[in-house]
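Structure file work.csv (CSV, C-alpha atoms) is printed below.
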chain,number,residue,atom,x,y,z
A,126,MET,CA,-28.8,3.3,17.0
A,127,LYS,CA,-27.7,3.7,13.4
A,128,TRP,CA,-24.1,2.6,12.8
A,129,ASN,CA,-22.3,4.6,10.0
A,130,TYR,CA,-19.1,2.7,9.4
A,131,VAL,CA,-17.1,5.0,7.2
A,132,PHE,CA,-13.4,4.7,6.6
A,133,LYS,CA,-11.8,8.2,6.3
A,134,LEU,CA,-8.5,8.2,4.5
A,135,PHE,CA,-6.4,11.3,4.2
A,136,PHE,CA,-4.4,11.2,1.0
A,137,THR,CA,-0.9,12.6,0.6
A,138,LEU,CA,0.4,13.1,-2.9
A,139,LEU,CA,3.9,11.9,-3.2
A,140,LEU,CA,5.6,13.7,-6.1
A,141,CYS,CA,8.4,11.8,-7.5
A,142,SER,CA,10.0,10.7,-10.8
A,143,CYS,CA,11.0,7.1,-11.6
A,144,SER,CA,14.6,7.2,-10.7
A,145,ARG,CA,15.1,10.6,-9.0
A,146,ILE,CA,13.2,12.3,-6.2
A,147,GLN,CA,13.3,16.0,-5.2
A,148,GLU,CA,12.5,17.3,-1.7
A,149,VAL,CA,12.9,20.6,0.1
A,150,GLY,CA,15.3,20.4,3.0
A,151,GLU,CA,15.4,22.7,6.1
A,152,SER,CA,17.6,25.1,4.2
A,153,ASP,CA,14.8,25.5,1.6
A,154,GLU,CA,17.2,24.3,-1.0
A,155,ILE,CA,16.3,21.5,-3.3
A,156,GLN,CA,18.1,18.3,-2.5
A,157,ASP,CA,18.4,15.7,-5.3
A,158,VAL,CA,18.3,12.1,-4.2
A,159,SER,CA,19.2,9.6,-6.8
A,160,LEU,CA,17.8,6.1,-6.2
A,161,SER,CA,20.8,4.5,-8.0
A,162,GLU,CA,23.2,6.4,-5.7
A,163,VAL,CA,21.4,5.2,-2.6
A,164,ALA,CA,21.6,1.6,-4.0
A,165,ARG,CA,25.4,2.1,-4.5
A,166,ILE,CA,25.9,3.5,-1.0
A,167,LEU,CA,24.1,0.5,0.5
A,168,SER,CA,26.2,-2.0,-1.4
A,169,ASP,CA,29.4,-0.1,-0.2
A,170,LEU,CA,28.5,-0.2,3.5
A,171,PRO,CA,30.2,-2.8,5.7
A,172,LEU,CA,26.9,-4.7,6.3
A,173,GLY,CA,26.9,-7.4,8.9
A,174,PRO,CA,24.3,-10.0,9.9
A,175,GLU,CA,22.8,-7.6,12.4
A,176,HIS,CA,22.0,-5.1,9.6
A,177,LEU,CA,20.4,-7.7,7.5
A,178,ALA,CA,18.3,-8.7,10.5
A,179,GLU,CA,17.3,-5.0,11.0
A,180,VAL,CA,16.1,-4.6,7.5
A,181,HIS,CA,14.2,-8.0,7.7
A,182,ASP,CA,12.6,-6.9,11.0
A,183,ALA,CA,11.3,-3.7,9.3
A,184,VAL,CA,10.0,-5.2,6.1
A,185,CYS,CA,8.3,-8.0,8.1
A,186,SER,CA,6.7,-5.4,10.4
A,187,SER,CA,5.4,-3.5,7.4
A,188,SER,CA,4.0,-6.7,5.8
A,189,GLY,CA,2.3,-7.7,9.0
A,190,ASN,CA,0.5,-4.3,9.1
A,191,GLY,CA,-0.9,-4.8,5.6
A,192,TYR,CA,1.7,-2.8,3.7
A,193,ASP,CA,4.3,-4.0,1.2
A,194,GLU,CA,7.7,-5.4,2.3
A,195,GLU,CA,9.2,-2.0,2.7
A,196,TYR,CA,11.6,0.0,5.0
A,197,LEU,CA,11.2,3.8,4.7
A,198,MET,CA,14.3,5.8,4.8
A,199,SER,CA,12.6,8.0,7.4
A,200,SER,CA,12.3,5.0,9.6
A,201,LEU,CA,15.8,3.7,8.9
A,202,PHE,CA,17.2,7.0,10.4
A,203,ASN,CA,14.6,7.8,13.0
A,204,ALA,CA,13.2,4.4,14.1
A,205,PRO,CA,15.6,1.5,13.2
A,206,GLY,CA,13.8,-1.7,12.4
A,207,CYS,CA,10.3,-0.1,12.5
A,208,GLY,CA,7.9,-1.0,9.7
A,209,VAL,CA,5.2,1.1,8.1
A,210,GLY,CA,2.1,1.3,10.3
A,211,SER,CA,4.0,0.6,13.5
A,212,SER,CA,4.6,3.1,16.3
A,213,THR,CA,8.1,4.5,16.4
A,214,THR,CA,8.1,3.3,20.0
A,215,LYS,CA,8.3,-0.2,18.7
A,216,ALA,CA,11.6,0.5,17.0
A,217,GLY,CA,14.1,-2.3,17.7
A,218,SER,CA,17.3,-2.0,19.7
A,219,TYR,CA,20.3,-2.5,17.5
A,220,PRO,CA,23.9,-1.8,18.9
A,221,HIS,CA,25.1,-0.5,15.5
A,222,PRO,CA,22.1,0.3,13.3
A,223,LEU,CA,22.2,0.8,9.6
A,224,ARG,CA,21.9,4.5,10.0
A,225,ASP,CA,25.3,4.6,11.7
A,226,LEU,CA,26.9,3.0,8.7
A,227,PHE,CA,25.3,5.5,6.4
A,228,ARG,CA,26.5,8.5,8.5
A,229,ASP,CA,30.0,7.1,8.8
A,230,TYR,CA,30.2,6.5,5.0
A,231,LEU,CA,29.0,10.0,4.2
A,232,LEU,CA,31.4,11.6,6.7
A,233,ALA,CA,34.2,9.7,5.0
A,234,GLY,CA,33.3,11.4,1.7
A,235,GLY,CA,31.5,8.5,0.1
A,236,THR,CA,29.3,10.8,-2.1
A,237,LYS,CA,29.6,14.1,-3.9
A,238,ALA,CA,27.3,15.7,-1.3
A,239,GLY,CA,30.3,16.8,0.8
A,240,SER,CA,31.7,15.3,3.9
A,241,THR,CA,31.3,18.1,6.5
A,242,HIS,CA,28.9,17.5,9.3
A,243,ALA,CA,26.4,20.1,7.8
A,244,ASP,CA,26.6,18.5,4.4
A,245,VAL,CA,26.0,15.0,5.8
A,246,GLU,CA,23.1,16.1,7.9
A,247,ALA,CA,21.6,17.9,4.9
A,248,TYR,CA,21.9,14.8,2.7
A,249,ILE,CA,20.4,12.6,5.5
A,250,ASN,CA,17.5,15.0,5.9
A,251,SER,CA,16.9,14.9,2.2
A,252,LEU,CA,16.6,11.1,2.5
A,253,ILE,CA,14.3,11.3,5.6
A,254,ASN,CA,12.0,13.8,3.9
A,255,SER,CA,11.8,11.9,0.6
A,256,SER,CA,9.6,9.0,-0.4
A,257,ALA,CA,12.6,6.7,-0.8
A,258,GLN,CA,12.5,3.3,0.7
A,259,LEU,CA,14.1,-0.1,0.7
A,260,TYR,CA,11.8,-2.8,-0.8
A,261,TRP,CA,12.6,-6.5,-0.2
A,262,PRO,CA,10.3,-8.8,-2.3
A,263,PHE,CA,9.9,-12.4,-1.1
A,264,SER,CA,11.6,-11.5,2.2
A,265,GLU,CA,9.8,-14.2,4.1
A,266,ASP,CA,11.9,-16.8,2.1
A,267,TRP,CA,15.2,-15.4,3.4
A,268,ASP,CA,17.4,-18.0,5.0
A,269,GLY,CA,18.7,-15.6,7.6
A,270,LYS,CA,22.3,-15.4,6.3
A,271,THR,CA,22.5,-14.8,2.5
A,272,TYR,CA,23.6,-11.3,1.6
A,273,PRO,CA,21.4,-9.3,-0.8
A,274,ILE,CA,21.8,-8.0,-4.3
A,275,VAL,CA,21.2,-4.3,-4.1
A,276,THR,CA,19.4,-2.6,-7.0
A,277,PHE,CA,17.0,0.3,-7.8
A,278,ASP,CA,13.8,0.9,-9.7
A,279,PRO,CA,14.9,2.1,-13.2
A,280,GLY,CA,11.4,3.4,-14.0
A,281,TYR,CA,9.5,3.3,-17.3
A,282,GLY,CA,8.0,-0.1,-16.5
A,283,ALA,CA,11.3,-1.9,-16.9
A,284,GLU,CA,11.4,-5.5,-15.6
A,285,SER,CA,15.2,-5.8,-15.3
A,286,ASN,CA,18.2,-3.8,-14.1
A,287,TYR,CA,21.8,-4.2,-12.9
A,288,GLY,CA,22.5,-4.7,-9.3
A,289,TYR,CA,25.3,-5.0,-6.8
A,290,GLU,CA,25.8,-8.6,-5.5
A,291,ILE,CA,27.4,-8.7,-2.0
A,292,LYS,CA,29.4,-11.7,-1.1
A,293,VAL,CA,31.1,-12.2,2.2
A,294,GLY,CA,33.5,-15.1,2.7
A,295,LYS,CA,34.3,-16.9,5.9
A,296,ASP,CA,37.4,-14.7,6.3
A,297,GLY,CA,35.1,-11.6,6.2
A,298,VAL,CA,36.4,-10.5,2.8
A,299,ARG,CA,33.7,-8.7,0.8
A,300,VAL,CA,33.3,-9.0,-2.9
A,301,ILE,CA,30.9,-6.8,-4.9
A,302,ASP,CA,29.9,-7.9,-8.4
A,303,SER,CA,27.6,-6.2,-10.9
A,304,VAL,CA,24.9,-8.6,-11.9
A,305,TYR,CA,21.6,-8.8,-13.9
A,306,VAL,CA,18.5,-8.7,-11.8
A,307,ASP,CA,14.9,-9.5,-12.6
A,308,GLU,CA,11.9,-10.9,-10.7
A,309,SER,CA,13.0,-14.5,-11.1
A,310,VAL,CA,16.3,-13.6,-9.5
A,311,ALA,CA,14.5,-12.0,-6.6
A,312,GLU,CA,12.4,-15.1,-6.1
A,313,GLN,CA,15.6,-17.2,-5.7
A,314,ARG,CA,17.7,-15.0,-3.5
A,315,PRO,CA,17.4,-11.8,-1.4
A,316,VAL,CA,17.2,-8.6,-3.5
A,317,TRP,CA,16.9,-5.1,-2.0
A,318,VAL,CA,15.3,-2.6,-4.3
A,319,ILE,CA,15.6,1.1,-3.7
A,320,ASN,CA,12.3,2.6,-4.9
A,321,THR,CA,9.7,5.2,-3.9
A,322,ASN,CA,6.9,4.6,-1.4
A,323,ASP,CA,3.3,4.7,-2.7
A,324,ASP,CA,1.2,3.4,0.2
A,325,SER,CA,2.4,4.7,3.6
A,326,ALA,CA,-0.1,7.6,3.5
A,327,PHE,CA,-3.0,5.2,3.4
A,328,THR,CA,-4.5,2.8,5.9
A,329,PRO,CA,-4.7,-0.8,4.7
A,330,LEU,CA,-7.6,-3.1,5.2
A,331,GLU,CA,-5.8,-5.2,7.8
A,332,MET,CA,-6.2,-2.4,10.3
A,333,TYR,CA,-10.0,-2.8,10.0
A,334,THR,CA,-10.6,-6.6,9.7
A,335,GLY,CA,-12.5,-8.4,12.3
A,336,THR,CA,-15.0,-5.5,12.9
A,337,LYS,CA,-18.6,-6.5,13.5
A,338,SER,CA,-21.7,-4.3,13.0
A,339,GLU,CA,-23.4,-3.2,16.2
A,340,THR,CA,-26.9,-3.1,14.6
A,341,SER,CA,-29.5,-5.8,15.1
A,342,GLY,CA,-30.2,-6.1,11.4
A,343,GLU,CA,-28.2,-7.6,8.6
A,344,SER,CA,-24.9,-6.2,7.4
A,345,LEU,CA,-22.8,-6.8,4.3
A,346,TYR,CA,-19.2,-8.1,4.6
A,347,MET,CA,-16.3,-8.7,2.3
A,348,LYS,CA,-15.0,-12.1,3.1
A,349,THR,CA,-12.4,-12.7,0.4
A,350,PHE,CA,-10.4,-10.8,-2.2
A,351,LYS,CA,-8.5,-12.2,-5.2
A,352,ALA,CA,-6.3,-10.2,-7.6
A,353,LYS,CA,-5.7,-12.0,-10.9
A,354,ARG,CA,-2.8,-9.9,-12.2
A,355,ASN,CA,0.0,-7.4,-11.4
A,356,TYR,CA,-0.5,-3.9,-12.7
A,357,ASP,CA,3.0,-2.5,-12.3
A,358,SER,CA,6.6,-3.5,-12.8
A,359,TRP,CA,8.0,-5.7,-10.0
A,360,PHE,CA,10.5,-3.0,-9.0
A,361,GLY,CA,7.5,-1.0,-7.9
A,362,GLY,CA,6.3,-3.7,-5.5
A,363,ALA,CA,2.7,-4.7,-4.6
A,364,SER,CA,-0.5,-3.5,-6.2
A,365,GLU,CA,-2.6,-1.2,-4.0
A,366,TYR,CA,-6.3,-1.7,-4.7
A,367,PHE,CA,-8.9,0.8,-3.4
A,368,VAL,CA,-12.4,-0.5,-2.9
A,369,LYS,CA,-15.1,2.1,-2.6
A,370,ILE,CA,-18.8,1.7,-1.9
A,371,GLY,CA,-21.3,4.5,-1.9
A,372,ALA,CA,-24.7,3.8,-0.4
A,373,VAL,CA,-27.6,5.1,1.7
A,374,ASP,CA,-26.8,2.8,4.6
A,375,GLY,CA,-29.7,1.9,6.9
A,376,PHE,CA,-32.4,3.5,4.7
A,377,LYS,CA,-35.8,3.1,6.4
A,378,ALA,CA,-38.1,5.9,5.1
A,379,SER,CA,-41.8,5.8,5.9
A,380,SER,CA,-42.8,9.2,4.6
A,381,ASP,CA,-41.7,11.7,2.0
A,382,GLU,CA,-40.3,13.9,4.8
A,383,ASP,CA,-38.0,11.0,5.8
A,384,LEU,CA,-36.1,11.2,2.5
A,385,ARG,CA,-34.5,14.5,3.6
A,386,LEU,CA,-33.0,12.7,6.6
A,387,TYR,CA,-30.7,10.5,4.6
A,388,THR,CA,-27.4,11.2,2.9
A,389,PRO,CA,-25.1,8.6,1.2
A,390,THR,CA,-21.9,7.5,2.8
A,391,VAL,CA,-18.7,6.1,1.2
A,392,THR,CA,-16.9,3.1,2.6
A,393,ASP,CA,-13.3,3.3,1.4
A,394,PHE,CA,-10.3,1.1,2.1
A,395,MET,CA,-7.0,-0.1,0.6
A,396,ILE,CA,-5.8,-3.7,0.0
A,397,SER,CA,-2.1,-4.2,-0.7
A,398,VAL,CA,-1.6,-7.4,-2.7
A,399,ARG,CA,2.0,-8.6,-2.7
A,400,ARG,CA,3.2,-10.1,-5.9
A,401,ARG,CA,3.5,-13.6,-4.4
A,402,ASP,CA,-0.3,-13.4,-3.5
A,403,VAL,CA,-1.6,-12.6,-7.0
A,404,GLY,CA,-4.0,-15.3,-7.9
A,405,LYS,CA,-4.6,-16.3,-4.3
A,406,GLU,CA,-7.9,-15.9,-2.5
A,407,LEU,CA,-7.1,-13.8,0.5
A,408,PRO,CA,-9.4,-14.0,3.6
A,409,PHE,CA,-10.8,-10.9,5.1
A,410,GLU,CA,-13.6,-9.9,7.5
A,411,VAL,CA,-14.5,-6.3,6.7
A,412,LEU,CA,-17.8,-4.5,7.1
A,413,LEU,CA,-19.0,-2.9,3.9
A,414,LEU,CA,-22.6,-1.8,4.9
A,415,SER,CA,-23.6,-1.8,8.5
A,416,GLU,CA,-27.4,-1.8,8.1
A,417,VAL,CA,-28.9,-3.4,5.0
A,418,THR,CA,-32.7,-2.9,4.6
A,419,ASP,CA,-35.2,-4.1,2.0
A,420,GLN,CA,-35.5,-0.5,0.7
A,421,MET,CA,-31.8,-0.3,-0.3
A,422,ASP,CA,-31.8,-1.0,-4.1
A,423,LYS,CA,-28.4,-0.3,-5.6
A,424,VAL,CA,-25.0,0.8,-4.4
A,425,ALA,CA,-22.2,2.5,-6.3
A,426,PHE,CA,-19.1,0.4,-6.5
A,427,LEU,CA,-15.6,1.4,-7.6
A,428,ILE,CA,-12.3,-0.6,-7.6
A,429,THR,CA,-9.0,1.1,-8.7
A,430,GLU,CA,-5.4,0.2,-8.6
A,431,ASP,CA,-3.4,3.1,-7.3
A,432,ASP,CA,-1.1,5.0,-9.6
A,433,GLY,CA,-1.5,8.5,-8.2
A,434,GLY,CA,-2.1,11.7,-10.1
A,435,GLU,CA,-4.7,14.5,-9.7
A,436,THR,CA,-7.8,13.8,-7.6
A,437,LYS,CA,-10.9,13.4,-9.7
A,438,ASN,CA,-14.5,12.5,-8.8
A,439,TRP,CA,-16.7,9.7,-10.3
A,440,LYS,CA,-20.2,11.0,-10.2
A,441,CYS,CA,-22.5,8.1,-9.5
A,442,GLU,CA,-25.8,7.2,-7.9
A,443,ALA,CA,-27.0,5.1,-5.0
A,444,GLN,CA,-30.7,4.1,-5.3
A,445,VAL,CA,-33.4,3.3,-2.8
A,446,LYS,CA,-37.0,2.2,-3.2
A,447,PHE,CA,-39.9,3.9,-1.5
A,448,LYS,CA,-43.6,3.6,-2.2
A,449,SER,CA,-43.0,1.6,-5.3
A,450,LYS,CA,-40.7,4.2,-6.7
A,451,THR,CA,-36.9,4.4,-7.1
A,452,TYR,CA,-35.0,7.4,-5.8
A,453,GLY,CA,-31.4,8.2,-6.6
A,454,PHE,CA,-28.9,9.9,-4.3
A,455,ASP,CA,-25.9,11.5,-6.1
A,456,ILE,CA,-22.5,10.6,-4.8
A,457,ASP,CA,-19.0,11.9,-5.7
A,458,ILE,CA,-16.4,9.1,-5.2
A,459,PRO,CA,-12.8,10.3,-5.4
A,460,TYR,CA,-10.0,8.6,-7.4
A,461,LYS,CA,-6.7,9.6,-9.0
A,462,ASP,CA,-6.6,10.3,-12.7
A,463,LYS,CA,-3.6,8.0,-13.2
A,464,ASP,CA,-5.3,5.1,-11.4
A,465,ASP,CA,-6.2,1.9,-13.3
A,466,ILE,CA,-10.0,1.6,-13.2
A,467,VAL,CA,-10.5,-2.1,-12.4
A,468,TRP,CA,-14.3,-1.9,-12.3
A,469,ARG,CA,-17.0,0.7,-11.6
A,470,GLY,CA,-20.7,0.6,-11.7
A,471,GLN,CA,-23.8,-0.2,-9.6
A,472,LEU,CA,-24.4,-3.4,-7.6
A,473,SER,CA,-28.0,-4.5,-7.1
A,474,MET,CA,-28.6,-5.5,-3.4
A,475,SER,CA,-30.7,-8.4,-4.7
A,476,MET,CA,-27.5,-10.2,-5.6
A,477,PHE,CA,-26.8,-10.7,-1.9
A,478,PRO,CA,-29.2,-13.3,-0.4
A,479,SER,CA,-29.2,-13.6,3.3
A,480,ARG,CA,-26.5,-15.8,4.9
A,481,LYS,CA,-25.2,-17.1,1.5
A,482,ASN,CA,-21.7,-16.6,0.1
A,483,VAL,CA,-21.6,-14.7,-3.2
A,484,VAL,CA,-18.5,-14.2,-5.4
A,485,GLY,CA,-18.5,-11.2,-7.7
A,486,HIS,CA,-16.3,-10.9,-10.7
A,487,PHE,CA,-15.0,-7.4,-11.4
A,488,GLY,CA,-12.5,-7.3,-14.2
A,489,ASP,CA,-9.2,-8.6,-12.8
A,490,VAL,CA,-10.6,-8.9,-9.2
A,491,GLU,CA,-12.9,-11.4,-7.5
A,492,ILE,CA,-14.6,-10.5,-4.2
A,493,GLY,CA,-16.5,-12.8,-1.9
A,494,PHE,CA,-19.5,-11.3,-0.1
A,495,ARG,CA,-21.8,-12.4,2.7
A,496,LYS,CA,-24.8,-10.8,4.2
A,497,GLU,CA,-25.5,-11.8,7.7
Let me see the file written as structure tokens.
Amino acid sequence: MKWNYVFKLFFTLLLCSCSRIQEVGESDEIQDVSLSEVARILSDLPLGPEHLAEVHDAVCSSSGNGYDEEYLMSSLFNAPGCGVGSSTTKAGSYPHPLRDLFRDYLLAGGTKAGSTHADVEAYINSLINSSAQLYWPFSEDWDGKTYPIVTFDPGYGAESNYGYEIKVGKDGVRVIDSVYVDESVAEQRPVWVINTNDDSAFTPLEMYTGTKSETSGESLYMKTFKAKRNYDSWFGGASEYFVKIGAVDGFKASSDEDLRLYTPTVTDFMISVRRRDVGKELPFEVLLLSEVTDQMDKVAFLITEDDGGETKNWKCEAQVKFKSKTYGFDIDIPYKDKDDIVWRGQLSMSMFPSRKNVVGHFGDVEIGFRKE
């Protein structure tokens, strides 16, 4: 039986500006949510060790699922400690979660949004419905006790900003200082960045690794992936790469009539490369083509780094050989018009000898293949 292994990703366009996001609340009124204001609120909250642990649980959960080290505001209020890609039923049990501190702060009149119950719930709903999140770079290096500097993405590709440094003494006295923050600071001590989410609508490659073809013939796998550079400011977090292959998988025509039986398919997946992993060869085991035949000639190959925008189509061609002639199948492969095009073109199947590792160089990306 032919195995068509096609990843279907449903894209959600997250409309946001660099430092301010706008969403429609239940009252159909536009709620403005300032990233800098959320950062200030977080720094003002009476954070305890349990709240730091809650955030760490969430970002580690997201990272383990193949996403960046992030904690969505929607999860913070609806599923404390739950990371992106995890079921809300896996939310942790925290006696006094961070959402309670938020609500108490707002009820006490901590913002200009108003302190009535209705005002507070409207503000919280605007956070939940927005793309705002807490990003904790280098979170796996946390010592389990140091309090964070809280900052926000200033936008425009900036590499530095001010932040609120939280210090808590042995007597419990809190001191908040305004400090300079850049990536080198985040590498040395915990930094929480309030930014906007870019990847939660997608399914990362980790969800698919380890899958084997069920066909008796040979299949093509991606074994390794290496990104050589970062494409965005560190405030924005990891780079999200999309790898797309268009091919006539399992082509075995024996007559002219058989040509009508085949249509090309597109394999499509996301790889989130954390900034600390740039330059590293990351191991994977992902099925690219489930049934490679001698008649398959060329496949269409596209790698982009996600930056959003309007959906466009790259019109390309997958080729097969039949009766000493080459036939092309037209394919439309989607991408976003603001994406960085890392590489696009055709790959000849002759570059993949049986049971040998092959490394392809595609601009700022290296991919290891194996046909087996």
Of the listed residues A:Ala183, A:Leu407, A:Ile458, A:Ile291, that which approaches Glu491 (chain A) most closely, counting only C-alpha atoms: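 The shortest atom-to-atom distance to Glu491 (chain A) comes from A:Leu407.
With all atoms listed in the file as the basis for measurement, A:Phe367 is the residue among A:Phe494, A:Phe447, A:Phe367, A:Phe487 that approaches Asp431 (chain A) most closely.
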Separation of CA of Glu162 (chain A) from CA of Glu179 (chain A) in Å: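 Between CA of Glu179 (chain A) and CA of Glu162 (chain A) the gap works out to 21.1 Å.
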Residue neighbourhood Lys437 (chain A), 7 Å, all atoms listed in the file, exclusion window fewer than 3 positions, as JSON, numbers by chain: {"A": [459, 460, 461, 462]}
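Minimum atom-to-atom distances from A:Gly189, A:Gly375, A:Gly434, A:Gly297 to Asp422 (chain A) were compared using only C-alpha atoms, and the lowest value belongs to A:Gly375.
The interatomic distance for the pair CA of Cys441 (chain A) and CA of Val368 (chain A) works out to 14.8 Å.
Near Gly208 (chain A), within 6 Å and counting all atoms listed in the file, sit Ala183, Val184, Ser186 and Ser187 of chain A; same-chain residues fewer than 4 positions away were not included.
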Contacts of region 341-349 of chain A at 8 Å (all atoms listed in the file; same-chain gap of 2+ positions) as a PyMOL selection string: chain A and resi 338-339+351+406-418+492-497
